[in-house]
Amino acid sequence: MVDVRGGDLSRLRQLNSLTAIRELRRAGPLTLSALAERTGLSRPSMKEVTAELMELGWVEEVPPSPGTMGRPARRYRFRADSGYLVGVDIGGHNIRAALSDLDGEILAETRQPVLPDASLEERLSAIERAVSGCLALSRTSVSDLWTIAVGTIGVIDVEGRVIYSAAVPAWRDLDLAGKLREMFPCQVLIENDSRLAAMAESRRGAAKGVRDLVFLHVGRRMGAGLVIDGKVHRGFGAAAGEISMLPESRWFDAPEHLNTCPSVPEDTAPEDAAGWTLAAARAGDPVALAAVERYVDDLAVGTAAMVLILDPQMVVLGGGFSRSSDVLLGPLRERLRRTCMRMPEVLPSTLGDECVVVGAIEYAVDHLDDQLFTPDRGPLPVTR
């Protein structure tokens, strides 16, 4: 499996242990013989590796299935339930949370509504309620949490501080990670929500397996997440994808075409106006269709710019307005064909409103792997 000529044996054991963990996470539970075959180790060596991983707390023996005849071969599994991860989406109207095991399997989800003009304290309180709801549903406690990963609007630095947020100016220079660490006794990660959504779609959604992707986060505000060569792209200063800041892209004010459609009834709540316009366009209302055309005109400008620069395999339409992808995708494809040298595949999100929390879970799993399961660090004993 691993050839370390003249290397140190402890290093070889470490690499063997990491490979065994990877195979158990990928295909477990497995017998010693199956593990040995998948890793290329001898069965006696695999037995030693497994014993060490059991002592560290990462692996345990699986009880035989009920009704098994004879003496069954021992099977082993990765203890993904050693701890738990939480993903949070701080949206304009809802706080969503999901709790998963260490492999990213989602076990519980909750949602807490918030007002668009909610204060920081109100949003933090909603986050706490959403996370507590996940803990209650999964019958776990806050002490079981290893990492909370949060998606929010704006440019986020490596320390979890909101550097800039055009949609919520009051969050500028907010130490969001610090605020959440005061609430939860675990690691806290903060990332841009569009970036997390792009990660989710590239791993579990419409773009699974796609290595070059533009994710359009379309709703009451506009954003984009980029995946380049299989990796989410942050940029040098974590501001990649913020194309709405360029006035010529026409993204910042694009939703107003839907919000101010003349055929929207006067008694419609402002936050429901865009949805009404999209529904009316679906029904064939000519005024609403004209508003959609103007909206897509603006959406296509920034999208075409990113497509021409990155030449992605796929563009995914996500965010709140993606529920009306049947109305938006046709006009968007038409405009991109006029402009782009090579037309990418353009598809709707398959994760819908869950894309950010799913991306947050993926981000937390990546962080876990980087901390515990890399050749430079792990595997370490089970501990937060």
# chains A, B, ... in the order shown; residues from 1 in each chain; ligands from 1
call {"tool": "residues_around", "arguments": {"residues": "Ser132 of chain A", "least_positions_apart": "5", "cutoff": "12 Å", "atoms": "only C-alpha atoms", "output": "list in words"}}
result
Val86, Val88, Arg96, Ala97, Ala98, Leu99, Ala108, Glu109, Thr110, Arg111, Gln112, Ser125, Ala126, Ile127, Leu137, Ser138, Arg139, Thr140, Ser141, Val142, Ser143, Leu145, Met183 and Phe184 of chain A
call {"tool": "residues_around", "arguments": {"residues": "segment 255-267 of chain A", "least_positions_apart": "3", "cutoff": "6 Å", "atoms": "only C-alpha atoms", "output": "MDAnalysis selection string"}}
result
chainID A and resid 220 273:274 277 291 295
call {"tool": "write_last_selection", "arguments": {"atoms": "C-alpha atoms", "output": "mmCIF file, in the first residue's frame"}}
result
data_model
loop_
_atom_site.group_PDB
_atom_site.id
_atom_site.type_symbol
_atom_site.label_atom_id
_atom_site.label_comp_id
_atom_site.auth_asym_id
_atom_site.auth_seq_id
_atom_site.Cartn_x
_atom_site.Cartn_y
_atom_site.Cartn_z
ATOM 1 C CA ARG A 220 -33.901 39.130 -3.120
ATOM 2 C CA ALA A 273 -43.775 40.834 -4.695
ATOM 3 C CA ALA A 274 -41.053 38.997 -6.624
ATOM 4 C CA THR A 277 -44.376 38.327 -10.406
ATOM 5 C CA ALA A 291 -40.560 42.171 -15.875
ATOM 6 C CA TYR A 295 -34.599 40.787 -14.754
#
call {"tool": "residues_around", "arguments": {"residues": "Met199 of chain A", "least_positions_apart": "6", "cutoff": "9 Å", "atoms": "only C-alpha atoms", "output": "MDAnalysis selection string"}}
result
chainID A and resid 225:227 231:232 355:356 358:360 362:363
call {"tool": "write_last_selection", "arguments": {"atoms": "N, CA and C atoms", "output": "CSV table (one decimal), in the first residue's frame"}}
result
chain,number,residue,atom,x,y,z
A,225,GLY,N,-21.0,31.8,-6.5
A,225,GLY,CA,-20.0,31.0,-5.9
A,225,GLY,C,-19.3,30.3,-7.1
A,226,LEU,N,-18.0,30.1,-7.0
A,226,LEU,CA,-17.2,29.6,-8.1
A,226,LEU,C,-16.5,28.3,-7.6
A,227,VAL,N,-16.5,27.3,-8.4
A,227,VAL,CA,-15.7,26.1,-8.2
A,227,VAL,C,-14.8,26.0,-9.4
A,231,LYS,N,-12.3,22.8,-6.7
A,231,LYS,CA,-12.2,23.4,-5.4
A,231,LYS,C,-12.9,24.7,-5.4
A,232,VAL,N,-13.6,25.0,-4.3
A,232,VAL,CA,-14.3,26.3,-4.2
A,232,VAL,C,-13.3,27.4,-4.1
A,355,CYS,N,-29.3,24.3,0.2
A,355,CYS,CA,-27.9,24.2,-0.4
A,355,CYS,C,-26.9,24.8,0.5
A,356,VAL,N,-27.2,25.9,1.3
A,356,VAL,CA,-26.2,26.5,2.1
A,356,VAL,C,-25.9,25.7,3.3
A,358,VAL,N,-26.3,22.4,3.6
A,358,VAL,CA,-25.6,21.3,3.2
A,358,VAL,C,-24.1,21.6,2.9
A,359,GLY,N,-23.9,22.8,2.3
A,359,GLY,CA,-22.5,23.2,2.0
A,359,GLY,C,-21.8,23.5,3.3
A,360,ALA,N,-22.5,24.0,4.3
A,360,ALA,CA,-21.8,24.2,5.6
A,360,ALA,C,-21.4,22.9,6.3
A,362,GLU,N,-20.6,20.2,4.6
A,362,GLU,CA,-19.4,19.7,3.8
A,362,GLU,C,-18.2,20.5,4.3
A,363,TYR,N,-18.3,21.8,4.5
A,363,TYR,CA,-17.2,22.6,5.0
A,363,TYR,C,-16.7,22.2,6.3
call {"tool": "atom_distance", "arguments": {"atom1": "atom CA of Arg26 of chain A", "atom2": "atom CA of Gly151 of chain A"}}
result
26.6 Å
call {"tool": "select_by_dssp", "arguments": {"residues": "segment 165-229 of chain A", "states": "helix (DSSP H, G or I)", "output": "MDAnalysis selection string"}}
result
chainID A and resid 169:171 176:183 193:204
call {"tool": "residues_around", "arguments": {"residues": "Gly178 of chain A", "least_positions_apart": "4", "cutoff": "12 Å", "atoms": "only C-alpha atoms", "output": "ChimeraX atom specification"}}
result
/A:124,159-162,173-174,182-190
call {"tool": "select_by_dssp", "arguments": {"residues": "segment 196-235 of chain A", "states": "strand (DSSP E)", "output": "PDB file with N, CA and C atoms, in the first residue's frame"}}
result
ATOM      1  N   LEU A 213     -17.461  25.227 -12.134  1.00  0.00           N
ATOM      2  CA  LEU A 213     -18.869  25.556 -11.923  1.00  0.00           C
ATOM      3  C   LEU A 213     -19.033  27.017 -11.549  1.00  0.00           C
ATOM      4  N   VAL A 214     -20.086  27.637 -12.079  1.00  0.00           N
ATOM      5  CA  VAL A 214     -20.557  28.934 -11.592  1.00  0.00           C
ATOM      6  C   VAL A 214     -21.920  28.703 -10.958  1.00  0.00           C
ATOM      7  N   PHE A 215     -22.028  29.012  -9.674  1.00  0.00           N
ATOM      8  CA  PHE A 215     -23.305  28.899  -8.963  1.00  0.00           C
ATOM      9  C   PHE A 215     -23.906  30.290  -8.830  1.00  0.00           C
ATOM     10  N   LEU A 216     -25.132  30.462  -9.312  1.00  0.00           N
ATOM     11  CA  LEU A 216     -25.833  31.740  -9.218  1.00  0.00           C
ATOM     12  C   LEU A 216     -26.787  31.697  -8.035  1.00  0.00           C
ATOM     13  N   HIS A 217     -26.532  32.542  -7.059  1.00  0.00           N
ATOM     14  CA  HIS A 217     -27.372  32.617  -5.860  1.00  0.00           C
ATOM     15  C   HIS A 217     -28.369  33.747  -6.084  1.00  0.00           C
ATOM     16  N   VAL A 218     -29.522  33.416  -6.661  1.00  0.00           N
ATOM     17  CA  VAL A 218     -30.474  34.447  -7.070  1.00  0.00           C
ATOM     18  C   VAL A 218     -31.676  34.458  -6.134  1.00  0.00           C
ATOM     19  N   MET A 222     -28.356  39.158  -4.990  1.00  0.00           N
ATOM     20  CA  MET A 222     -27.655  38.352  -5.996  1.00  0.00           C
ATOM     21  C   MET A 222     -26.241  38.035  -5.513  1.00  0.00           C
ATOM     22  N   GLY A 223     -25.810  36.830  -5.760  1.00  0.00           N
ATOM     23  CA  GLY A 223     -24.453  36.432  -5.414  1.00  0.00           C
ATOM     24  C   GLY A 223     -24.005  35.297  -6.305  1.00  0.00           C
ATOM     25  N   ALA A 224     -22.740  34.947  -6.203  1.00  0.00           N
ATOM     26  CA  ALA A 224     -22.207  33.849  -7.012  1.00  0.00           C
ATOM     27  C   ALA A 224     -21.126  33.117  -6.234  1.00  0.00           C
ATOM     28  N   GLY A 225     -21.046  31.816  -6.467  1.00  0.00           N
ATOM     29  CA  GLY A 225     -19.981  30.991  -5.919  1.00  0.00           C
ATOM     30  C   GLY A 225     -19.288  30.278  -7.059  1.00  0.00           C
ATOM     31  N   LEU A 226     -17.974  30.135  -6.961  1.00  0.00           N
ATOM     32  CA  LEU A 226     -17.179  29.573  -8.052  1.00  0.00           C
ATOM     33  C   LEU A 226     -16.461  28.308  -7.595  1.00  0.00           C
ATOM     34  N   VAL A 227     -16.513  27.282  -8.422  1.00  0.00           N
ATOM     35  CA  VAL A 227     -15.714  26.077  -8.214  1.00  0.00           C
ATOM     36  C   VAL A 227     -14.773  25.959  -9.407  1.00  0.00           C
ATOM     37  N   ILE A 228     -13.473  25.941  -9.134  1.00  0.00           N
ATOM     38  CA  ILE A 228     -12.461  25.873 -10.187  1.00  0.00           C
ATOM     39  C   ILE A 228     -11.573  24.663  -9.931  1.00  0.00           C
ATOM     40  N   LYS A 231     -12.316  22.751  -6.726  1.00  0.00           N
ATOM     41  CA  LYS A 231     -12.194  23.406  -5.422  1.00  0.00           C
ATOM     42  C   LYS A 231     -12.948  24.728  -5.421  1.00  0.00           C
ATOM     43  N   VAL A 232     -13.626  25.003  -4.310  1.00  0.00           N
ATOM     44  CA  VAL A 232     -14.304  26.287  -4.165  1.00  0.00           C
ATOM     45  C   VAL A 232     -13.258  27.392  -4.144  1.00  0.00           C
TER      46      VAL A 232
END
call {"tool": "residues_around", "arguments": {"residues": "Asp298 of chain A", "least_positions_apart": "5", "cutoff": "9 Å", "atoms": "only C-alpha atoms", "output": "PyMOL selection string"}}
result
chain A and resi 249-251+253-254+293+303
call {"tool": "write_last_selection", "arguments": {"atoms": "N, CA and C atoms", "output": "mmCIF file, in the first residue's frame"}}
result
data_model
loop_
_atom_site.group_PDB
_atom_site.id
_atom_site.type_symbol
_atom_site.label_atom_id
_atom_site.label_comp_id
_atom_site.auth_asym_id
_atom_site.auth_seq_id
_atom_site.Cartn_x
_atom_site.Cartn_y
_atom_site.Cartn_z
ATOM 1 N N SER A 249 -22.447 45.330 -14.048
ATOM 2 C CA SER A 249 -23.032 43.987 -14.098
ATOM 3 C C SER A 249 -24.548 44.030 -13.952
ATOM 4 N N ARG A 250 -25.060 45.120 -13.375
ATOM 5 C CA ARG A 250 -26.496 45.350 -13.197
ATOM 6 C C ARG A 250 -27.136 44.327 -12.256
ATOM 7 N N TRP A 251 -26.316 43.691 -11.427
ATOM 8 C CA TRP A 251 -26.855 42.669 -10.530
ATOM 9 C C TRP A 251 -27.502 43.252 -9.281
ATOM 10 N N ASP A 253 -29.298 45.818 -8.473
ATOM 11 C CA ASP A 253 -30.687 46.275 -8.531
ATOM 12 C C ASP A 253 -31.584 45.371 -9.368
ATOM 13 N N ALA A 254 -31.053 44.281 -9.899
ATOM 14 C CA ALA A 254 -31.845 43.428 -10.791
ATOM 15 C C ALA A 254 -33.151 42.939 -10.170
ATOM 16 N N GLU A 293 -38.271 39.331 -18.217
ATOM 17 C CA GLU A 293 -37.298 39.552 -19.294
ATOM 18 C C GLU A 293 -36.262 40.596 -18.882
ATOM 19 N N THR A 303 -23.546 36.980 -15.393
ATOM 20 C CA THR A 303 -23.322 35.553 -15.627
ATOM 21 C C THR A 303 -22.435 35.334 -16.846
#
call {"tool": "closest_residue", "arguments": {"among": "A:Pro286, A:Arg43, A:Val59, A:Cys134", "to": "Arg22 of chain A", "atoms": "only C-alpha atoms"}}
result
A:Val59
call {"tool": "residues_around", "arguments": {"residues": "Pro379 of chain A", "least_positions_apart": "4", "cutoff": "12 Å", "atoms": "only C-alpha atoms", "output": "number ranges by chain"}}
result
A: 11, 13-22, 49, 52-59, 368-375, 383
call {"tool": "residues_around", "arguments": {"residues": "segment 333-341 of chain A", "least_positions_apart": "2", "cutoff": "10 Å", "atoms": "only C-alpha atoms", "output": "PDB file with N, CA and C atoms, in the first residue's frame"}}
result
ATOM      1  N   VAL A 296     -33.918  39.016 -16.279  1.00  0.00           N
ATOM      2  CA  VAL A 296     -32.959  38.080 -16.873  1.00  0.00           C
ATOM      3  C   VAL A 296     -31.932  38.820 -17.722  1.00  0.00           C
ATOM      4  N   ASP A 297     -32.331  39.923 -18.347  1.00  0.00           N
ATOM      5  CA  ASP A 297     -31.354  40.745 -19.073  1.00  0.00           C
ATOM      6  C   ASP A 297     -30.191  41.112 -18.158  1.00  0.00           C
ATOM      7  N   LEU A 299     -29.456  39.710 -15.114  1.00  0.00           N
ATOM      8  CA  LEU A 299     -28.806  38.503 -14.599  1.00  0.00           C
ATOM      9  C   LEU A 299     -27.790  37.964 -15.598  1.00  0.00           C
ATOM     10  N   ALA A 300     -28.119  38.027 -16.874  1.00  0.00           N
ATOM     11  CA  ALA A 300     -27.254  37.458 -17.911  1.00  0.00           C
ATOM     12  C   ALA A 300     -25.957  38.231 -18.081  1.00  0.00           C
ATOM     13  N   VAL A 301     -25.952  39.529 -17.769  1.00  0.00           N
ATOM     14  CA  VAL A 301     -24.737  40.334 -17.956  1.00  0.00           C
ATOM     15  C   VAL A 301     -23.608  39.806 -17.069  1.00  0.00           C
ATOM     16  N   THR A 303     -23.546  36.980 -15.393  1.00  0.00           N
ATOM     17  CA  THR A 303     -23.322  35.553 -15.627  1.00  0.00           C
ATOM     18  C   THR A 303     -22.435  35.334 -16.846  1.00  0.00           C
ATOM     19  N   ALA A 304     -22.714  36.043 -17.925  1.00  0.00           N
ATOM     20  CA  ALA A 304     -21.906  35.901 -19.139  1.00  0.00           C
ATOM     21  C   ALA A 304     -20.461  36.299 -18.884  1.00  0.00           C
ATOM     22  N   ALA A 305     -20.254  37.341 -18.088  1.00  0.00           N
ATOM     23  CA  ALA A 305     -18.885  37.762 -17.779  1.00  0.00           C
ATOM     24  C   ALA A 305     -18.119  36.640 -17.086  1.00  0.00           C
ATOM     25  N   MET A 306     -18.756  35.984 -16.110  1.00  0.00           N
ATOM     26  CA  MET A 306     -18.085  34.895 -15.405  1.00  0.00           C
ATOM     27  C   MET A 306     -17.870  33.691 -16.310  1.00  0.00           C
ATOM     28  N   VAL A 307     -18.843  33.399 -17.164  1.00  0.00           N
ATOM     29  CA  VAL A 307     -18.697  32.272 -18.086  1.00  0.00           C
ATOM     30  C   VAL A 307     -17.548  32.516 -19.060  1.00  0.00           C
ATOM     31  N   LEU A 308     -17.442  33.739 -19.578  1.00  0.00           N
ATOM     32  CA  LEU A 308     -16.377  34.050 -20.527  1.00  0.00           C
ATOM     33  C   LEU A 308     -15.002  34.002 -19.870  1.00  0.00           C
ATOM     34  N   ILE A 309     -14.920  34.370 -18.600  1.00  0.00           N
ATOM     35  CA  ILE A 309     -13.635  34.362 -17.900  1.00  0.00           C
ATOM     36  C   ILE A 309     -13.235  32.952 -17.479  1.00  0.00           C
ATOM     37  N   ASP A 311     -14.934  29.842 -18.268  1.00  0.00           N
ATOM     38  CA  ASP A 311     -15.277  28.724 -19.150  1.00  0.00           C
ATOM     39  C   ASP A 311     -15.716  27.504 -18.341  1.00  0.00           C
ATOM     40  N   VAL A 315     -23.382  25.958 -15.230  1.00  0.00           N
ATOM     41  CA  VAL A 315     -23.926  27.051 -14.428  1.00  0.00           C
ATOM     42  C   VAL A 315     -25.150  26.496 -13.713  1.00  0.00           C
ATOM     43  N   LEU A 328     -37.242  31.104 -15.526  1.00  0.00           N
ATOM     44  CA  LEU A 328     -36.010  31.873 -15.711  1.00  0.00           C
ATOM     45  C   LEU A 328     -34.984  31.216 -16.630  1.00  0.00           C
ATOM     46  N   LEU A 329     -34.910  29.897 -16.618  1.00  0.00           N
ATOM     47  CA  LEU A 329     -33.795  29.241 -17.309  1.00  0.00           C
ATOM     48  C   LEU A 329     -33.840  29.397 -18.822  1.00  0.00           C
ATOM     49  N   GLY A 330     -35.009  29.320 -19.409  1.00  0.00           N
ATOM     50  CA  GLY A 330     -35.105  29.467 -20.864  1.00  0.00           C
ATOM     51  C   GLY A 330     -34.567  30.800 -21.351  1.00  0.00           C
ATOM     52  N   PRO A 331     -35.065  31.920 -20.804  1.00  0.00           N
ATOM     53  CA  PRO A 331     -34.527  33.224 -21.209  1.00  0.00           C
ATOM     54  C   PRO A 331     -33.040  33.388 -20.890  1.00  0.00           C
ATOM     55  N   MET A 343     -21.097  27.499 -24.837  1.00  0.00           N
ATOM     56  CA  MET A 343     -22.268  27.496 -23.968  1.00  0.00           C
ATOM     57  C   MET A 343     -22.156  26.396 -22.916  1.00  0.00           C
ATOM     58  N   PRO A 344     -22.131  26.752 -21.633  1.00  0.00           N
ATOM     59  CA  PRO A 344     -22.102  25.723 -20.595  1.00  0.00           C
ATOM     60  C   PRO A 344     -23.492  25.121 -20.408  1.00  0.00           C
ATOM     61  N   GLU A 345     -23.535  23.999 -19.725  1.00  0.00           N
ATOM     62  CA  GLU A 345     -24.818  23.444 -19.324  1.00  0.00           C
ATOM     63  C   GLU A 345     -25.390  24.348 -18.234  1.00  0.00           C
ATOM     64  N   VAL A 346     -26.668  24.679 -18.310  1.00  0.00           N
ATOM     65  CA  VAL A 346     -27.311  25.565 -17.332  1.00  0.00           C
ATOM     66  C   VAL A 346     -28.472  24.801 -16.712  1.00  0.00           C
ATOM     67  N   LEU A 347     -28.373  24.523 -15.406  1.00  0.00           N
ATOM     68  CA  LEU A 347     -29.356  23.685 -14.724  1.00  0.00           C
ATOM     69  C   LEU A 347     -29.843  24.342 -13.441  1.00  0.00           C
TER      70      LEU A 347
END
call {"tool": "closest_residue", "arguments": {"among": "A:Arg323, A:Lys208, A:Arg25, A:Arg234", "to": "Glu105 of chain A", "atoms": "only C-alpha atoms"}}
result
A:Arg25
call {"tool": "atom_distance", "arguments": {"atom1": "atom CA of Ala149 of chain A", "atom2": "atom CA of Gly28 of chain A"}}
result
26.1 Å
call {"tool": "closest_residue", "arguments": {"among": "A:Ser322, A:Gln313, A:Asn192, A:Thr39", "to": "Val158 of chain A", "atoms": "only C-alpha atoms"}}
result
A:Asn192
call {"tool": "closest_residue", "arguments": {"among": "A:Pro44, A:Gly154, A:Gly320, A:Pro72", "to": "Ile243 of chain A", "atoms": "only C-alpha atoms"}}
result
A:Gly154
